[in-house]
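To start, the structure under review is shown below, and the notes come after it.
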Amino acid sequence: MALLQISDPGARPTPIGIDLGTTNSLVAYVPLVGAPTTVRDCDNEALVPSVVSYKDDGSVIVGRAAKALAIERPRDTISSIKRMMGRGADDPETQRLAPYRFATREGAVVKIAVAGDRVVTPIEVSAEILRELYQLAEDALGSVGGAVITVPAYFDDAQRQATRDAGRLAGLEVLRLLNEPTAAALAYGLDSKQNGTFAVYDLGGGTFDVTILQLDDGVFQVRSTGGDSQLGGDDMDRTLAEQMIASLTDEASKTDPSTVRALMDGARALKHALTDSEAVEYEIELPRGGVLEARVTRDDFDELVRPLLDRTGIACRRALRDAGLTTTDLDGVILVGGSTRVPYVRKYVAKLFGKEPLDSIDPDQVVALGAAIQADLLAGSSHNEQVLLLDVLPLSLGIEAMGGVVEKILPRNTPIPAAAAQVFTTYAENQTGFELHVVQGERETAEACRSLARFQLRGIPPMPAGLARLEVRFEVDADGLLHVSAKELTTGISQVVEVKPSYGLSDEEVERMLLDAYDHAETDVTVRALIEQRVEAERIIVATRLALDQDAALIDEAERAEIEAKLASVIEATRGENHHVIASRIEELDHVSRNFAGLRMDRSIKKALAGQRLSDVERDTAHAEGIDRHLGPQKDDSE
Amino acid sequence: MDPFATLGLPREYALDSEALERRYRDLQRALHPDKHVNATPTERRVALGKAVEVNEAYRVLKDDVRRAESLLALLGYVAKGEVADPELLMEVMELREALSEAKQVKSLPRVHKLASQVQALAATTRRELAAKLAELPADATIDVLGVPAALLSQLKYYKRFLDEVNVIEDDAPTWTKAD
């Protein structure tokens, strides 16, 4: 019955935008009429705390209810999981002040033991949060379409992959991973309809991003981006909590998980209180008995967090330099993220950029609202047809060369989608395999960069050393995700690329998790595959018909007949029950319509270039009109 | 690949950066994957390939060194492992030594002084290069290309030096505090 719903045009599923935050998460959508809006729960709250609590009976609690369990069950209640996404278990950062039971201290993936005899990865924990948001949206909207999930602009490939996998695991159709500052700019830009160059300063719970972007008639072009994916409001709380912990007299309390948790929560509450007061006296009840009493002034707090803000300052200056701009070139600064509520952060930003920052949209909601707009655009239902986001690669991609030195393949701030190819040769007689180490980061040695993956290239035909010419192609898609393919140039044979991610899970591991999520039911998986394949076929049928209606003139009768025939065979296959047949018919249609697609694209390129000349004319005319106005004061007077 | 043709701009070193930006945006409006979400997989793939090509061409033309390189290559210039001018090598070596000294004693003012010195040298070289490239005849032969090619390699030395300055500047906040 679900199939009928899908083909019913009346029940259009609503695309959603999700801000998967370190501290809080939100989901938003664009209604048929009106401005984008966040989905609220039964208590009229839009913010869902990014906290997941695992109970002994195996059940899972997400959000406010989970947060309430944090002190009572510190080891089974996971918060700030975003900081561990795509990171290794051996990363010291992941274990700092986290009271969890890490199942392993080494290896590629963080594994946490929780109640109910379970071991969970950050991807699974994040998927629980996403599932909760999905449910919230479904309750409010009836039917949910695809989702745009936001990520910090400074997230590397492993962190992006992990986020995408979490989305899939939660059963979402992930339309796009969107950078948080770009999402915020989208929400502001469409709100104000202003053109110019802006800096987006995004200090969230656990990540910091700065993005310099230019807004020009609906095109949001990112010029540069920078940041720190391990810096945020959490660190302010930690710094304050560390100070409190140091002041404890009871040595055993200093390492007690409940105490640490209580002081972290206390520190956060103090930070919030200091937003409106100059000084706060506090009393925190300690779980192991006793009370911690003290007083903290705003000046003390500012002093404590200054080193953290100085780190954001370095990233901001570098982003400006990368964009080839100075602060005077900026038309405005946009504040994003809950941590920008801290008065000292505002002061710091105003001083750094030399202008008062913009904050007319709630800094907690702006990212989710922007994501909803992008989801709406991608679903093709939007009225904002002129809007386009052009983003960049946040961190340089490179490969490890001889001696552990990094050879950069795509430098940071390269506009995406992007591709680069590199030719390698064999160094041994009859060598049939090759290993490549791909890294991401700005440092000169592979060791100091983030290791993304090792690629095994196999199946090179045996040849004398140095004769095989292996072209490896690196492609970064619009999500900022890396794909690698390889080809042996002398024979033209495509090589098998085996990806071993250095961090995160392999595709097979994610597939297995997905299977587990479907209760091991093989039939469910087949049914799902059939539904997905039919939806895909439906889309292709509509698109191909539209293309033929518009542009049949580009091809001759024979070519058209061939496409029509393959189109008919796809339609026929959708009436069957075999998703493999549908897939292979789609493949055949794809094969015969390649030339047609190429011709259509060439024509739009010509149109784009010609349209340019047209807008040159418009610009000149507008300029002339401006002069006319100056020349004709009588006309102005008569108005 | 001819980045000038990809973006529909005249094949010359002087760049109308406003025209470049506008062409770039108009082409991406037609080609970006976001504009083809509902197209057939074939069209999506073709559009993606073209969008990547436009991005690459844009990146080449925006960068003065890469633009000159591409122009020389399109005119038929092939580097034959020419040895750089010994005087230039000497000059760059001395500058680099001064830079690493400034870094060692953690003197940001000295780093900045060296940077502005090299920026001035780069600017002069860039002007000369632009002039040489502008006066090239359409049927330029390889031997005429040698002069701009030498200026280009000189400019690259300066650029690399300035890249190093950037890295030092990024690190500076950590070392000034350590002292």
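Ligands are numbered from 1 in the order shown, residues from 1 within each chain, and chains are lettered A, B, ... in the order they appear in the structure tokens.
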
Could you go through chain B and tell me which residues DSSP, when run on the backbone, assigns to helix (DSSP H, G or I), listing them as a short mmCIF file (atom, residue, chain, number, x, y, z; two decimals) with N, CA and C atoms, in the first residue's frame?
```
data_model
loop_
_atom_site.label_atom_id
_atom_site.label_comp_id
_atom_site.auth_asym_id
_atom_site.auth_seq_id
_atom_site.Cartn_x
_atom_site.Cartn_y
_atom_site.Cartn_z
N PRO B 3 41.05 26.69 -20.24
CA PRO B 3 40.15 27.31 -19.27
C PRO B 3 39.49 28.58 -19.80
N PHE B 4 40.20 29.25 -20.71
CA PHE B 4 39.63 30.48 -21.28
C PHE B 4 38.38 30.13 -22.08
N ALA B 5 38.48 29.08 -22.89
CA ALA B 5 37.33 28.66 -23.70
C ALA B 5 36.20 28.15 -22.81
N THR B 6 36.56 27.38 -21.77
CA THR B 6 35.53 26.84 -20.88
C THR B 6 34.67 27.95 -20.30
N SER B 17 38.21 40.53 -13.92
CA SER B 17 37.78 39.61 -12.87
C SER B 17 36.27 39.65 -12.64
N GLU B 18 35.66 40.78 -12.95
CA GLU B 18 34.21 40.83 -12.81
C GLU B 18 33.54 39.93 -13.83
N ALA B 19 34.06 39.96 -15.05
CA ALA B 19 33.50 39.10 -16.11
C ALA B 19 33.70 37.64 -15.74
N LEU B 20 34.89 37.32 -15.19
CA LEU B 20 35.17 35.95 -14.77
C LEU B 20 34.14 35.48 -13.75
N GLU B 21 33.91 36.31 -12.72
CA GLU B 21 32.97 35.93 -11.67
C GLU B 21 31.57 35.72 -12.23
N ARG B 22 31.16 36.61 -13.13
CA ARG B 22 29.80 36.51 -13.67
C ARG B 22 29.63 35.26 -14.53
N ARG B 23 30.62 35.02 -15.40
CA ARG B 23 30.57 33.82 -16.25
C ARG B 23 30.50 32.57 -15.39
N TYR B 24 31.35 32.57 -14.36
CA TYR B 24 31.43 31.42 -13.48
C TYR B 24 30.07 31.15 -12.85
N ARG B 25 29.46 32.17 -12.32
CA ARG B 25 28.17 32.00 -11.65
C ARG B 25 27.09 31.56 -12.64
N ASP B 26 27.08 32.18 -13.83
CA ASP B 26 26.05 31.81 -14.81
C ASP B 26 26.20 30.36 -15.25
N LEU B 27 27.44 29.93 -15.44
CA LEU B 27 27.65 28.54 -15.84
C LEU B 27 27.26 27.58 -14.73
N GLN B 28 27.62 27.91 -13.49
CA GLN B 28 27.24 27.02 -12.39
C GLN B 28 25.72 27.00 -12.19
N ARG B 29 25.07 28.09 -12.51
CA ARG B 29 23.60 28.09 -12.43
C ARG B 29 23.03 27.05 -13.38
N ALA B 30 23.72 26.83 -14.50
CA ALA B 30 23.22 25.85 -15.47
C ALA B 30 23.72 24.44 -15.16
N LEU B 31 24.88 24.32 -14.52
CA LEU B 31 25.53 23.01 -14.43
C LEU B 31 25.60 22.37 -13.04
N PRO B 33 25.28 20.41 -9.68
CA PRO B 33 24.45 19.22 -9.39
C PRO B 33 23.10 19.58 -8.76
N ASP B 34 23.06 20.62 -7.95
CA ASP B 34 21.79 20.99 -7.31
C ASP B 34 20.72 21.37 -8.32
N LYS B 35 21.16 21.75 -9.52
CA LYS B 35 20.19 22.16 -10.55
C LYS B 35 19.70 20.96 -11.36
N HIS B 36 20.22 19.79 -11.04
CA HIS B 36 19.87 18.61 -11.83
C HIS B 36 19.39 17.44 -10.99
N PRO B 41 19.96 10.00 -14.61
CA PRO B 41 21.33 9.78 -14.12
C PRO B 41 22.37 10.19 -15.17
N THR B 42 22.07 9.95 -16.44
CA THR B 42 23.01 10.33 -17.51
C THR B 42 23.24 11.82 -17.50
N GLU B 43 22.16 12.58 -17.46
CA GLU B 43 22.30 14.03 -17.48
C GLU B 43 23.00 14.54 -16.24
N ARG B 44 22.71 13.89 -15.11
CA ARG B 44 23.36 14.32 -13.88
C ARG B 44 24.87 14.13 -13.99
N ARG B 45 25.25 12.99 -14.59
CA ARG B 45 26.67 12.71 -14.71
C ARG B 45 27.35 13.70 -15.65
N VAL B 46 26.71 13.95 -16.79
CA VAL B 46 27.28 14.89 -17.75
C VAL B 46 27.41 16.27 -17.10
N ALA B 47 26.35 16.72 -16.43
CA ALA B 47 26.36 18.04 -15.80
C ALA B 47 27.46 18.11 -14.74
N LEU B 48 27.59 17.04 -13.96
CA LEU B 48 28.61 17.02 -12.91
C LEU B 48 30.00 17.18 -13.52
N GLY B 49 30.26 16.42 -14.59
CA GLY B 49 31.56 16.51 -15.26
C GLY B 49 31.86 17.92 -15.72
N LYS B 50 30.85 18.57 -16.29
CA LYS B 50 31.03 19.94 -16.78
C LYS B 50 31.20 20.91 -15.61
N ALA B 51 30.45 20.69 -14.55
CA ALA B 51 30.55 21.58 -13.38
C ALA B 51 31.97 21.52 -12.80
N VAL B 52 32.52 20.30 -12.75
CA VAL B 52 33.88 20.11 -12.26
C VAL B 52 34.87 20.86 -13.16
N GLU B 53 34.65 20.75 -14.47
CA GLU B 53 35.53 21.40 -15.44
C GLU B 53 35.49 22.93 -15.27
N VAL B 54 34.29 23.46 -15.09
CA VAL B 54 34.13 24.90 -14.90
C VAL B 54 34.83 25.34 -13.61
N ASN B 55 34.68 24.56 -12.54
CA ASN B 55 35.34 24.89 -11.28
C ASN B 55 36.86 24.92 -11.45
N GLU B 56 37.37 23.94 -12.19
CA GLU B 56 38.81 23.85 -12.39
C GLU B 56 39.31 25.05 -13.23
N ALA B 57 38.58 25.36 -14.30
CA ALA B 57 38.96 26.48 -15.15
C ALA B 57 38.96 27.78 -14.35
N TYR B 58 37.95 27.94 -13.51
CA TYR B 58 37.82 29.13 -12.67
C TYR B 58 39.02 29.26 -11.73
N ARG B 59 39.41 28.13 -11.18
CA ARG B 59 40.53 28.11 -10.24
C ARG B 59 41.84 28.49 -10.95
N VAL B 60 42.01 28.00 -12.17
CA VAL B 60 43.22 28.31 -12.95
C VAL B 60 43.25 29.80 -13.29
N LEU B 61 42.15 30.33 -13.77
CA LEU B 61 42.14 31.71 -14.23
C LEU B 61 42.26 32.71 -13.08
N LYS B 62 41.75 32.35 -11.92
CA LYS B 62 41.82 33.26 -10.77
C LYS B 62 43.24 33.44 -10.25
N ASP B 64 47.08 34.03 -10.67
CA ASP B 64 47.90 34.64 -11.73
C ASP B 64 49.00 33.71 -12.25
N VAL B 65 49.59 32.91 -11.36
CA VAL B 65 50.64 31.99 -11.80
C VAL B 65 50.06 30.89 -12.70
N ARG B 66 48.98 30.29 -12.24
CA ARG B 66 48.39 29.20 -13.03
C ARG B 66 47.81 29.72 -14.35
N ARG B 67 47.30 30.95 -14.33
CA ARG B 67 46.76 31.53 -15.57
C ARG B 67 47.89 31.69 -16.59
N ALA B 68 49.04 32.20 -16.14
CA ALA B 68 50.18 32.38 -17.03
C ALA B 68 50.67 31.03 -17.55
N GLU B 69 50.73 30.04 -16.64
CA GLU B 69 51.16 28.70 -17.04
C GLU B 69 50.28 28.14 -18.13
N SER B 70 48.98 28.28 -17.91
CA SER B 70 48.03 27.73 -18.86
C SER B 70 48.14 28.45 -20.21
N LEU B 71 48.31 29.77 -20.16
CA LEU B 71 48.44 30.56 -21.38
C LEU B 71 49.67 30.12 -22.17
N LEU B 72 50.80 29.97 -21.48
CA LEU B 72 52.04 29.55 -22.14
C LEU B 72 51.88 28.15 -22.74
N ALA B 73 51.22 27.26 -21.99
CA ALA B 73 51.02 25.90 -22.49
C ALA B 73 50.15 25.92 -23.74
N LEU B 74 49.10 26.76 -23.74
CA LEU B 74 48.21 26.84 -24.90
C LEU B 74 48.94 27.41 -26.11
N PRO B 86 71.19 32.00 -12.02
CA PRO B 86 71.93 31.80 -10.77
C PRO B 86 71.75 32.98 -9.81
N GLU B 87 71.64 34.17 -10.37
CA GLU B 87 71.47 35.36 -9.53
C GLU B 87 70.17 35.30 -8.76
N LEU B 88 69.11 34.85 -9.47
CA LEU B 88 67.81 34.71 -8.83
C LEU B 88 67.88 33.66 -7.72
N LEU B 89 68.51 32.52 -8.03
CA LEU B 89 68.63 31.45 -7.05
C LEU B 89 69.32 31.94 -5.80
N MET B 90 70.39 32.72 -6.00
CA MET B 90 71.16 33.27 -4.89
C MET B 90 70.28 34.17 -4.04
N GLU B 91 69.53 35.05 -4.73
CA GLU B 91 68.66 36.01 -4.05
C GLU B 91 67.62 35.27 -3.20
N VAL B 92 66.98 34.26 -3.82
CA VAL B 92 65.93 33.52 -3.11
C VAL B 92 66.51 32.77 -1.92
N MET B 93 67.73 32.21 -2.13
CA MET B 93 68.36 31.46 -1.05
C MET B 93 68.63 32.35 0.15
N GLU B 94 69.13 33.56 -0.13
CA GLU B 94 69.42 34.49 0.96
C GLU B 94 68.15 34.91 1.69
N LEU B 95 67.09 35.15 0.90
CA LEU B 95 65.81 35.53 1.51
C LEU B 95 65.30 34.41 2.42
N ARG B 96 65.42 33.19 1.94
CA ARG B 96 64.95 32.05 2.72
C ARG B 96 65.73 31.89 4.02
N GLU B 97 67.01 32.10 3.91
CA GLU B 97 67.83 32.01 5.12
C GLU B 97 67.40 33.06 6.13
N ALA B 98 67.18 34.28 5.64
CA ALA B 98 66.74 35.36 6.53
C ALA B 98 65.41 35.01 7.17
N LEU B 99 64.54 34.38 6.38
CA LEU B 99 63.21 34.01 6.90
C LEU B 99 63.33 32.96 7.99
N SER B 100 64.16 31.96 7.74
CA SER B 100 64.24 30.90 8.76
C SER B 100 64.92 31.42 10.02
N GLU B 101 65.80 32.41 9.87
CA GLU B 101 66.40 33.05 11.05
C GLU B 101 65.35 33.81 11.85
N ALA B 102 64.55 34.59 11.11
CA ALA B 102 63.49 35.36 11.76
C ALA B 102 62.54 34.44 12.51
N LYS B 103 62.30 33.26 11.91
CA LYS B 103 61.40 32.30 12.53
C LYS B 103 62.04 31.73 13.80
N GLN B 104 63.34 31.48 13.70
CA GLN B 104 64.04 30.90 14.84
C GLN B 104 64.04 31.82 16.06
N LEU B 108 58.22 38.30 14.64
CA LEU B 108 57.19 38.53 13.63
C LEU B 108 57.46 39.80 12.81
N PRO B 109 57.95 40.89 13.43
CA PRO B 109 58.27 42.09 12.63
C PRO B 109 59.27 41.78 11.51
N ARG B 110 60.26 40.95 11.82
CA ARG B 110 61.25 40.63 10.79
C ARG B 110 60.63 39.80 9.67
N VAL B 111 59.73 38.90 10.06
CA VAL B 111 59.03 38.10 9.05
C VAL B 111 58.22 39.02 8.15
N HIS B 112 57.52 39.96 8.76
CA HIS B 112 56.69 40.88 7.97
C HIS B 112 57.53 41.75 7.04
N LYS B 113 58.69 42.17 7.53
CA LYS B 113 59.56 43.01 6.72
C LYS B 113 60.02 42.26 5.47
N LEU B 114 60.42 41.00 5.69
CA LEU B 114 60.84 40.17 4.56
C LEU B 114 59.68 39.94 3.59
N ALA B 115 58.49 39.74 4.18
CA ALA B 115 57.31 39.49 3.35
C ALA B 115 57.03 40.68 2.44
N SER B 116 57.10 41.90 3.00
CA SER B 116 56.77 43.05 2.15
C SER B 116 57.84 43.26 1.09
N GLN B 117 59.08 42.91 1.44
CA GLN B 117 60.18 43.00 0.47
C GLN B 117 59.89 42.08 -0.73
N VAL B 118 59.48 40.83 -0.42
CA VAL B 118 59.22 39.87 -1.48
C VAL B 118 57.93 40.21 -2.23
N GLN B 119 56.95 40.77 -1.50
CA GLN B 119 55.73 41.19 -2.17
C GLN B 119 56.03 42.23 -3.25
N ALA B 120 56.95 43.15 -2.93
CA ALA B 120 57.33 44.18 -3.89
C ALA B 120 58.01 43.55 -5.11
N LEU B 121 58.91 42.59 -4.84
CA LEU B 121 59.60 41.90 -5.93
C LEU B 121 58.59 41.15 -6.81
N ALA B 122 57.64 40.49 -6.16
CA ALA B 122 56.63 39.74 -6.90
C ALA B 122 55.79 40.67 -7.76
N ALA B 123 55.44 41.83 -7.20
CA ALA B 123 54.61 42.78 -7.95
C ALA B 123 55.33 43.26 -9.21
N THR B 124 56.62 43.56 -9.06
CA THR B 124 57.40 44.01 -10.22
C THR B 124 57.43 42.91 -11.29
N THR B 125 57.74 41.70 -10.83
CA THR B 125 57.83 40.57 -11.76
C THR B 125 56.49 40.36 -12.47
N ARG B 126 55.41 40.48 -11.70
CA ARG B 126 54.08 40.26 -12.26
C ARG B 126 53.79 41.29 -13.36
N ARG B 127 54.19 42.54 -13.10
CA ARG B 127 53.97 43.61 -14.10
C ARG B 127 54.75 43.31 -15.37
N GLU B 128 56.01 42.91 -15.18
CA GLU B 128 56.85 42.59 -16.35
C GLU B 128 56.26 41.44 -17.14
N LEU B 129 55.84 40.40 -16.39
CA LEU B 129 55.26 39.22 -17.03
C LEU B 129 54.01 39.60 -17.82
N ALA B 130 53.15 40.43 -17.21
CA ALA B 130 51.93 40.84 -17.88
C ALA B 130 52.26 41.59 -19.17
N ALA B 131 53.28 42.47 -19.09
CA ALA B 131 53.66 43.25 -20.27
C ALA B 131 54.18 42.34 -21.37
N LYS B 132 55.04 41.40 -21.00
CA LYS B 132 55.61 40.48 -21.99
C LYS B 132 54.52 39.63 -22.65
N LEU B 133 53.59 39.16 -21.81
CA LEU B 133 52.53 38.31 -22.35
C LEU B 133 51.58 39.11 -23.24
N ALA B 134 51.38 40.37 -22.89
CA ALA B 134 50.46 41.20 -23.67
C ALA B 134 51.00 41.50 -25.06
N ILE B 142 58.27 29.35 -30.02
CA ILE B 142 58.78 28.89 -28.74
C ILE B 142 59.87 29.81 -28.18
N ASP B 143 60.78 30.27 -29.04
CA ASP B 143 61.91 31.07 -28.52
C ASP B 143 61.46 32.41 -27.94
N VAL B 144 60.31 32.94 -28.45
CA VAL B 144 59.80 34.19 -27.88
C VAL B 144 59.22 33.93 -26.50
N LEU B 145 58.76 32.70 -26.28
CA LEU B 145 58.09 32.36 -25.02
C LEU B 145 59.07 32.18 -23.87
N GLY B 146 60.34 32.04 -24.19
CA GLY B 146 61.34 31.82 -23.16
C GLY B 146 61.38 32.92 -22.13
N VAL B 147 61.25 34.17 -22.58
CA VAL B 147 61.34 35.31 -21.65
C VAL B 147 60.19 35.31 -20.63
N PRO B 148 58.92 35.27 -21.11
CA PRO B 148 57.85 35.21 -20.10
C PRO B 148 57.94 33.96 -19.24
N ALA B 149 58.40 32.85 -19.81
CA ALA B 149 58.49 31.62 -19.02
C ALA B 149 59.48 31.80 -17.87
N ALA B 150 60.59 32.50 -18.14
CA ALA B 150 61.59 32.74 -17.08
C ALA B 150 61.00 33.65 -16.00
N LEU B 151 60.25 34.67 -16.43
CA LEU B 151 59.62 35.57 -15.46
C LEU B 151 58.61 34.81 -14.60
N LEU B 152 57.91 33.88 -15.25
CA LEU B 152 56.92 33.09 -14.52
C LEU B 152 57.59 32.24 -13.44
N SER B 153 58.72 31.63 -13.80
CA SER B 153 59.37 30.78 -12.80
C SER B 153 59.90 31.64 -11.65
N GLN B 154 60.32 32.86 -11.97
CA GLN B 154 60.75 33.79 -10.93
C GLN B 154 59.59 34.12 -9.98
N LEU B 155 58.42 34.39 -10.59
CA LEU B 155 57.23 34.70 -9.80
C LEU B 155 56.87 33.54 -8.88
N LYS B 156 57.06 32.31 -9.38
CA LYS B 156 56.74 31.13 -8.58
C LYS B 156 57.64 31.04 -7.34
N TYR B 157 58.91 31.38 -7.52
CA TYR B 157 59.80 31.37 -6.35
C TYR B 157 59.29 32.32 -5.27
N TYR B 158 58.89 33.52 -5.70
CA TYR B 158 58.40 34.50 -4.73
C TYR B 158 57.12 34.02 -4.06
N LYS B 159 56.26 33.43 -4.90
CA LYS B 159 54.98 32.96 -4.34
C LYS B 159 55.20 31.89 -3.28
N ARG B 160 56.13 30.99 -3.57
CA ARG B 160 56.41 29.92 -2.62
C ARG B 160 56.94 30.51 -1.31
N PHE B 161 57.77 31.52 -1.44
CA PHE B 161 58.29 32.21 -0.27
C PHE B 161 57.13 32.80 0.56
N LEU B 162 56.20 33.44 -0.15
CA LEU B 162 55.08 34.07 0.55
C LEU B 162 54.14 33.03 1.18
N ASP B 163 54.02 31.87 0.54
CA ASP B 163 53.24 30.78 1.14
C ASP B 163 53.86 30.37 2.48
N GLU B 164 55.18 30.33 2.48
CA GLU B 164 55.89 29.95 3.70
C GLU B 164 55.65 30.99 4.80
N VAL B 165 55.63 32.25 4.40
CA VAL B 165 55.33 33.32 5.36
C VAL B 165 53.96 33.10 5.99
N ASN B 166 52.99 32.72 5.14
CA ASN B 166 51.64 32.46 5.66
C ASN B 166 51.63 31.36 6.72
N VAL B 167 52.38 30.31 6.44
CA VAL B 167 52.45 29.20 7.40
C VAL B 167 53.04 29.68 8.72
N ILE B 168 54.09 30.49 8.62
CA ILE B 168 54.73 31.03 9.83
C ILE B 168 53.75 31.92 10.59
N GLU B 169 53.03 32.76 9.85
CA GLU B 169 52.05 33.64 10.49
C GLU B 169 50.98 32.84 11.21
N ASP B 170 50.56 31.72 10.60
CA ASP B 170 49.55 30.88 11.25
C ASP B 170 50.08 30.28 12.55
N ASP B 171 51.35 29.95 12.55
CA ASP B 171 51.95 29.34 13.74
C ASP B 171 52.29 30.37 14.81
N ALA B 172 52.51 31.61 14.37
CA ALA B 172 53.03 32.65 15.26
C ALA B 172 52.28 32.78 16.59
N PRO B 173 50.93 32.79 16.58
CA PRO B 173 50.24 32.98 17.86
C PRO B 173 50.65 31.94 18.90
N THR B 174 50.99 30.74 18.48
CA THR B 174 51.39 29.72 19.45
C THR B 174 52.79 30.01 19.99
N TRP B 175 53.72 30.45 19.09
CA TRP B 175 55.06 30.66 19.64
C TRP B 175 55.27 31.97 20.38
N THR B 176 54.50 32.99 20.08
CA THR B 176 54.71 34.21 20.85
C THR B 176 54.28 33.98 22.29
N LYS B 177 53.22 33.14 22.44
CA LYS B 177 52.71 32.90 23.78
C LYS B 177 53.66 32.01 24.59
N ALA B 178 54.32 31.10 23.87
CA ALA B 178 55.22 30.17 24.55
C ALA B 178 56.38 30.90 25.22
#
```

Each residue of chain A lying at most 7 Å from chain B should get a row with its shortest atom-to-atom pair and the distance in Å to one decimal, counting only C-alpha atoms; could you produce that, ordered by chain and increasing number, as a Markdown table?
```
| residue | atom | partner | partner_atom | distance |
| --- | --- | --- | --- | --- |
| A:Leu378 | CA | B:Asp34 | CA | 6.2 |
| A:Leu388 | CA | B:Arg29 | CA | 6.8 |
| A:Pro415 | CA | B:Asn55 | CA | 6.1 |
| A:Pro417 | CA | B:Val52 | CA | 5.5 |
| A:Ala418 | CA | B:Val52 | CA | 5.0 |
| A:Ala419 | CA | B:Val52 | CA | 6.4 |
| A:Arg539 | CA | B:Asn38 | CA | 6.9 |
| A:Ile540 | CA | B:Thr40 | CA | 5.1 |
| A:Ala543 | CA | B:Ala39 | CA | 5.4 |
| A:Thr544 | CA | B:Thr40 | CA | 6.5 |
| A:Asp590 | CA | B:Thr42 | CA | 5.7 |
| A:Arg594 | CA | B:Thr42 | CA | 6.0 |
| A:Ala597 | CA | B:Glu43 | CA | 5.0 |
| A:Gly598 | CA | B:Val46 | CA | 6.3 |
| A:Met601 | CA | B:Ala47 | CA | 6.5 |
| A:Ser604 | CA | B:Ala30 | CA | 6.3 |
| A:Ile605 | CA | B:Leu27 | CA | 6.4 |
| A:Ala608 | CA | B:Leu27 | CA | 5.5 |
| A:Leu609 | CA | B:Arg23 | CA | 6.7 |
| A:Gln612 | CA | B:Arg23 | CA | 6.4 |
```

Selected residues, N, CA and C atoms, written as a tab-separated table (two decimals), in the first residue's frame, please.
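Output file part.tsv follows:
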```
chain	number	residue	atom	x	y	z
A	378	LEU	N	16.24	21.53	-3.17
A	378	LEU	CA	16.67	20.27	-3.80
A	378	LEU	C	15.48	19.40	-4.19
A	388	LEU	N	21.34	29.40	-5.53
A	388	LEU	CA	22.33	28.35	-5.72
A	388	LEU	C	23.44	28.51	-4.69
A	415	PRO	N	36.72	25.13	-5.05
A	415	PRO	CA	35.26	25.02	-5.20
A	415	PRO	C	34.87	23.57	-5.51
A	417	PRO	N	31.67	20.77	-6.73
A	417	PRO	CA	32.40	19.53	-6.96
A	417	PRO	C	33.73	19.77	-7.66
A	418	ALA	N	34.72	18.95	-7.32
A	418	ALA	CA	36.05	19.11	-7.90
A	418	ALA	C	36.65	17.74	-8.19
A	419	ALA	N	37.60	17.72	-9.08
A	419	ALA	CA	38.28	16.46	-9.37
A	419	ALA	C	39.72	16.74	-9.71
A	539	ARG	N	11.13	8.57	-11.48
A	539	ARG	CA	11.79	9.86	-11.65
A	539	ARG	C	12.46	9.96	-13.02
A	540	ILE	N	13.09	8.86	-13.40
A	540	ILE	CA	13.82	8.85	-14.67
A	540	ILE	C	12.83	8.91	-15.85
A	543	ALA	N	11.66	12.47	-16.14
A	543	ALA	CA	12.73	13.35	-16.62
A	543	ALA	C	13.04	13.10	-18.10
A	544	THR	N	13.05	11.83	-18.51
A	544	THR	CA	13.36	11.52	-19.90
A	544	THR	C	12.26	12.04	-20.83
A	590	ASP	N	20.08	4.51	-19.89
A	590	ASP	CA	21.19	5.41	-19.63
A	590	ASP	C	22.19	5.36	-20.79
A	594	ARG	N	23.06	8.79	-23.66
A	594	ARG	CA	24.25	9.57	-23.32
A	594	ARG	C	24.50	10.74	-24.27
A	597	ALA	N	21.98	13.49	-23.74
A	597	ALA	CA	22.26	14.25	-22.53
A	597	ALA	C	23.40	15.24	-22.76
A	598	GLY	N	24.44	14.77	-23.48
A	598	GLY	CA	25.59	15.63	-23.77
A	598	GLY	C	25.17	16.83	-24.60
A	601	MET	N	23.28	19.33	-22.53
A	601	MET	CA	24.15	20.08	-21.62
A	601	MET	C	24.95	21.13	-22.37
A	604	SER	N	22.84	24.05	-22.83
A	604	SER	CA	22.65	24.96	-21.68
A	604	SER	C	23.90	25.77	-21.40
A	605	ILE	N	25.08	25.19	-21.72
A	605	ILE	CA	26.31	25.96	-21.52
A	605	ILE	C	26.32	27.16	-22.47
A	608	ALA	N	24.03	29.69	-21.18
A	608	ALA	CA	24.58	30.38	-20.01
A	608	ALA	C	25.58	31.45	-20.45
A	609	LEU	N	26.42	31.09	-21.42
A	609	LEU	CA	27.41	32.06	-21.88
A	609	LEU	C	26.75	33.19	-22.65
A	612	GLN	N	24.96	35.57	-20.44
A	612	GLN	CA	25.91	36.47	-19.82
A	612	GLN	C	25.99	37.78	-20.59
```

Residue nearest A:Pro49 - candidates A:Ile531, A:Ile78, A:Ala115, A:Val472, atoms counted: only C-alpha atoms: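 Ranked by minimum distance to A:Pro49, first place goes to A:Ile78.
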
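For the choices B:Val105, B:Tyr77, B:Asp85, B:Tyr13, the atom-to-atom distance to B:Glu135 is smallest for B:Tyr13 when using only C-alpha atoms.
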
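With atom CA of A:Pro74 on one side and atom CA of A:Thr163 on the other, the separation reads 24.3 Å.
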